[in-house]
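To start, the structure under review is shown below, and the notes come after it.
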Amino acid sequence: MEFPAQLSAYIARVDTGIESLLPAPVSTGPRGPARIHTAMRYSLQAGGKRLRPVLVLAAADLFSGTGAKPSRSAVAALPAAVAIECLHTYSLIHDDLPGMDNDDLRRGRPTAHKQFDEATAILAGDALLTHAFALLATHYREPPALGLALIGDLAAAAGSQQLIGGQMEDMLAEKTAPTNAQLEFIHANKTAAMIRTALTLGGRIGGARDEELVRLGLAGEELGVAFQIIDDILDATADTATLGKTAGKDLTAGKATFVGLHGLEKSRQFAQAHTAAALAALQGLPGDKSFLTGLIASMASRTK
Ligand code: GRG
């Protein structure tokens, strides 16, 4: 299958997984109450690139039948793919809140606190974060070591040393002149940690060996840094309608960005170098890497 068709097929699977693995918005019975579930689905079903869940599925596929441990099909990777998208969406909802970036537009729609209210947006984010771990605990009971590893990986990436720590440093760095080391810390943790973890969750489910998980993690780290540099470039160069979120926000908010520190041209070169490093890290892994190679390349030339 050609790359675009394969990407659409993966995204369709993620969307089906979201539909079936999120609580239904019914007002009575064991799966209620309606408002919180409607708000969770509102942000999650707004779309987005689905990069992280697609990476989970594609990494699992890479090892089908090739791993040292018994391989599981990528169908088995779907709950983990949905889990990471729940976690990512929680971080976007909370990032948009008035107390953080105070944004009105996300994924082409009013942000959760604009559509509902601030309290509902906070709770929807909290509920998506919690649901991510519930999905892992429920769907990966066997073997128990796999479930524990997945939960441990996601908890580490989402916690105060990585996603939340990166977000904290990002906020502290606003309107300061950050050093390159500060910027690298922010991007490695706020952005790259979750992208790296998407690949390692998929690899674990597919049965990757330890050295293969290290290689996947390295590819994810490099892809994540390239992804954030391109995000910075797009924030400075693209328009709001294309991005589906407010463009030019970094400059207005005095954010620490690659473009602010190094300028556009240098940032483009850095993005290319990190993309090349991600592709290089993939080499040496088993299986058909053409989809992942295509995905990494497509992220380097994305326009939104
Ligand atoms: C609130 C704990 C907490 C963390 C917030 C995700 C985040 C950290 C902040 C959002 C702002 C931002 C620029 C984050 C860097 C990561 C990033 C580029 C997120 C957007 O990811 P995309 O482009 O979004 O994959 P879609 O909507 O396509 O899924």
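Ordering of the structure tokens sets the chain letters (A, B, ...), residue numbers begin anew at 1 in every chain, and ligands are numbered from 1 in the order given.
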
query = If we count only C-alpha atoms, what is near range 5-20 of chain A at a cut-off of 10 Å, once residues fewer than 2 positions away on the same chain are taken out, given as a ChimeraX atom specification?
reply = /A:1-3,22-24,41,44-45,47-51,53-55,57-58,75,78-83,85-86,291-292,294-295

Contact check, chain A to ligand 1, at most 8 Å, counting only C-alpha atoms and all ligand atoms, closest pairs as a Markdown table:
```
| residue | atom | partner | partner_atom_place_in_ligand_line | distance |
| --- | --- | --- | --- | --- |
| A:Gly47 | CA | ligand 1 | 27 (O) | 6.8 |
| A:Gly48 | CA | ligand 1 | 28 (O) | 3.6 |
| A:Lys49 | CA | ligand 1 | 28 (O) | 3.8 |
| A:Arg50 | CA | ligand 1 | 29 (O) | 5.4 |
| A:Leu51 | CA | ligand 1 | 25 (O) | 5.8 |
| A:Arg52 | CA | ligand 1 | 25 (O) | 7.3 |
| A:Glu85 | CA | ligand 1 | 29 (O) | 7.7 |
| A:His88 | CA | ligand 1 | 6 (C) | 6.4 |
| A:Thr89 | CA | ligand 1 | 29 (O) | 7.0 |
| A:Tyr90 | CA | ligand 1 | 1 (C) | 7.3 |
| A:Ser91 | CA | ligand 1 | 3 (C) | 4.1 |
| A:Leu92 | CA | ligand 1 | 6 (C) | 4.9 |
| A:Ile93 | CA | ligand 1 | 1 (C) | 7.2 |
| A:His94 | CA | ligand 1 | 1 (C) | 4.6 |
| A:Asp95 | CA | ligand 1 | 1 (C) | 4.2 |
| A:Asp96 | CA | ligand 1 | 10 (C) | 7.4 |
| A:Met100 | CA | ligand 1 | 1 (C) | 7.7 |
| A:Arg106 | CA | ligand 1 | 27 (O) | 7.0 |
| A:Arg107 | CA | ligand 1 | 27 (O) | 5.3 |
| A:Ala158 | CA | ligand 1 | 2 (C) | 7.3 |
| A:Leu163 | CA | ligand 1 | 4 (C) | 5.8 |
| A:Ile164 | CA | ligand 1 | 2 (C) | 4.5 |
| A:Gly166 | CA | ligand 1 | 8 (C) | 7.5 |
| A:Gln167 | CA | ligand 1 | 4 (C) | 5.2 |
| A:His187 | CA | ligand 1 | 15 (C) | 7.4 |
| A:Lys190 | CA | ligand 1 | 8 (C) | 5.4 |
| A:Thr191 | CA | ligand 1 | 16 (C) | 4.4 |
| A:Ala192 | CA | ligand 1 | 16 (C) | 7.8 |
| A:Phe227 | CA | ligand 1 | 18 (C) | 6.8 |
| A:Gln228 | CA | ligand 1 | 18 (C) | 5.5 |
| A:Asp231 | CA | ligand 1 | 18 (C) | 5.6 |
| A:Asp232 | CA | ligand 1 | 13 (C) | 7.6 |
| A:Lys304 | CA | ligand 1 | 23 (O) | 7.4 |
```

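Note that CA of Leu154 in chain A and CA of Leu136 in chain A are 9.4 Å apart.
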
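Nearest residue to Met299 in chain A, choosing from A:Ala155, A:Leu264, A:Ile230, A:Ala149 and counting only C-alpha atoms: A:Ile230.
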
Exercise: Asn102 in chain A partners within 12 Å, only C-alpha atoms, chain neighbours under 3 positions left out, as a list of chain:residue names = A:Leu92, A:Ile93, A:His94, A:Asp95, A:Asp96, A:Leu97, A:Pro98, A:Gly99, A:Leu105, A:Arg106, A:Pro110, A:Thr111, A:Ala112, A:His113, A:Lys114, A:Glu118, A:Lys245, A:Thr246, A:Lys249, A:Ala253

key: Leu218 in chain A environment, 8 Å, only C-alpha atoms, sequence neighbours closer than 5 positions dropped, as a list in words   = Arg196, Ala278 and Ala281 of chain A

message = Need the shell around range 197-213 of chain A: protein/DNA/RNA residues with any atom at most 9 Å away, counting only C-alpha atoms. Skip same-chain ones fewer than 2 positions apart. Format as an NGL selection string?
response = :A and (51-74 or 76-77 or 80-81 or 84 or 140 or 146 or 149-150 or 153-154 or 157 or 192-195 or 215-221 or 284-286)

task = Extract, using only C-alpha atoms, all DNA, RNA and protein residues at most 12 Å from range 168-177 of chain A, discarding same-chain residues fewer than 5 positions from it, and format them as a ChimeraX atom specification.
result = /A:95,99-101,159-163,182-191,249-258,260-262

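One distance worth recording is that between CA of Ala297 in chain A and CA of Ser43 in chain A, which is 27.1 Å.
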
request  = Run DSSP on the backbone and grab whatever in range 109-244 of chain A lands in helix (DSSP H, G or I); send it over as number ranges by chain.
outcome  = A: 112-115, 118-139, 144-158, 163-173, 180-206, 210-237, 240-243

message = Just to confirm, what's the straight-line distance from CA of Gly108 in chain A to CA of Ala238 in chain A in Å (one decimal)?
response = 14.1 Å

Which of range 3-181 of chain A counts as strand (DSSP E) under DSSP, as a PDB file with all heavy atoms, in the first residue's frame please?
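Okay, result_22.pdb is ready:
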```pdb
ATOM      1  N   LEU A 105      -8.607  28.525  20.123  1.00  0.00           N
ATOM      2  CA  LEU A 105      -8.786  27.633  18.980  1.00  0.00           C
ATOM      3  C   LEU A 105      -7.822  26.457  19.075  1.00  0.00           C
ATOM      4  O   LEU A 105      -6.628  26.641  19.334  1.00  0.00           O
ATOM      5  CB  LEU A 105      -8.486  28.429  17.696  1.00  0.00           C
ATOM      6  CG  LEU A 105      -8.829  27.768  16.376  1.00  0.00           C
ATOM      7  CD1 LEU A 105     -10.351  27.664  16.209  1.00  0.00           C
ATOM      8  CD2 LEU A 105      -8.227  28.558  15.210  1.00  0.00           C
ATOM      9  N   ARG A 106      -8.364  25.269  18.857  1.00  0.00           N
ATOM     10  CA  ARG A 106      -7.523  24.058  18.872  1.00  0.00           C
ATOM     11  C   ARG A 106      -8.135  23.058  17.909  1.00  0.00           C
ATOM     12  O   ARG A 106      -9.330  22.808  17.954  1.00  0.00           O
ATOM     13  CB  ARG A 106      -7.476  23.491  20.301  1.00  0.00           C
ATOM     14  CG  ARG A 106      -6.784  22.166  20.454  1.00  0.00           C
ATOM     15  CD  ARG A 106      -5.306  22.208  20.206  1.00  0.00           C
ATOM     16  NE  ARG A 106      -4.573  22.960  21.205  1.00  0.00           N
ATOM     17  CZ  ARG A 106      -3.232  23.099  21.168  1.00  0.00           C
ATOM     18  NH1 ARG A 106      -2.520  22.544  20.192  1.00  0.00           N
ATOM     19  NH2 ARG A 106      -2.613  23.809  22.090  1.00  0.00           N
ATOM     20  N   ARG A 109     -11.268  24.027  16.145  1.00  0.00           N
ATOM     21  CA  ARG A 109     -12.523  24.235  16.880  1.00  0.00           C
ATOM     22  C   ARG A 109     -12.265  25.133  18.090  1.00  0.00           C
ATOM     23  O   ARG A 109     -11.108  25.226  18.547  1.00  0.00           O
ATOM     24  CB  ARG A 109     -13.030  22.913  17.470  1.00  0.00           C
ATOM     25  CG  ARG A 109     -13.558  21.928  16.496  1.00  0.00           C
ATOM     26  CD  ARG A 109     -14.058  20.740  17.308  1.00  0.00           C
ATOM     27  NE  ARG A 109     -14.671  19.737  16.464  1.00  0.00           N
ATOM     28  CZ  ARG A 109     -15.272  18.654  16.943  1.00  0.00           C
ATOM     29  NH1 ARG A 109     -15.334  18.444  18.244  1.00  0.00           N
ATOM     30  NH2 ARG A 109     -15.801  17.774  16.138  1.00  0.00           N
ATOM     31  N   PRO A 110     -13.325  25.722  18.669  1.00  0.00           N
ATOM     32  CA  PRO A 110     -13.121  26.420  19.947  1.00  0.00           C
ATOM     33  C   PRO A 110     -12.484  25.463  20.966  1.00  0.00           C
ATOM     34  O   PRO A 110     -12.812  24.266  20.981  1.00  0.00           O
ATOM     35  CB  PRO A 110     -14.547  26.802  20.378  1.00  0.00           C
ATOM     36  CG  PRO A 110     -15.329  26.827  19.099  1.00  0.00           C
ATOM     37  CD  PRO A 110     -14.713  25.766  18.209  1.00  0.00           C
TER      38      PRO A 110
END
```
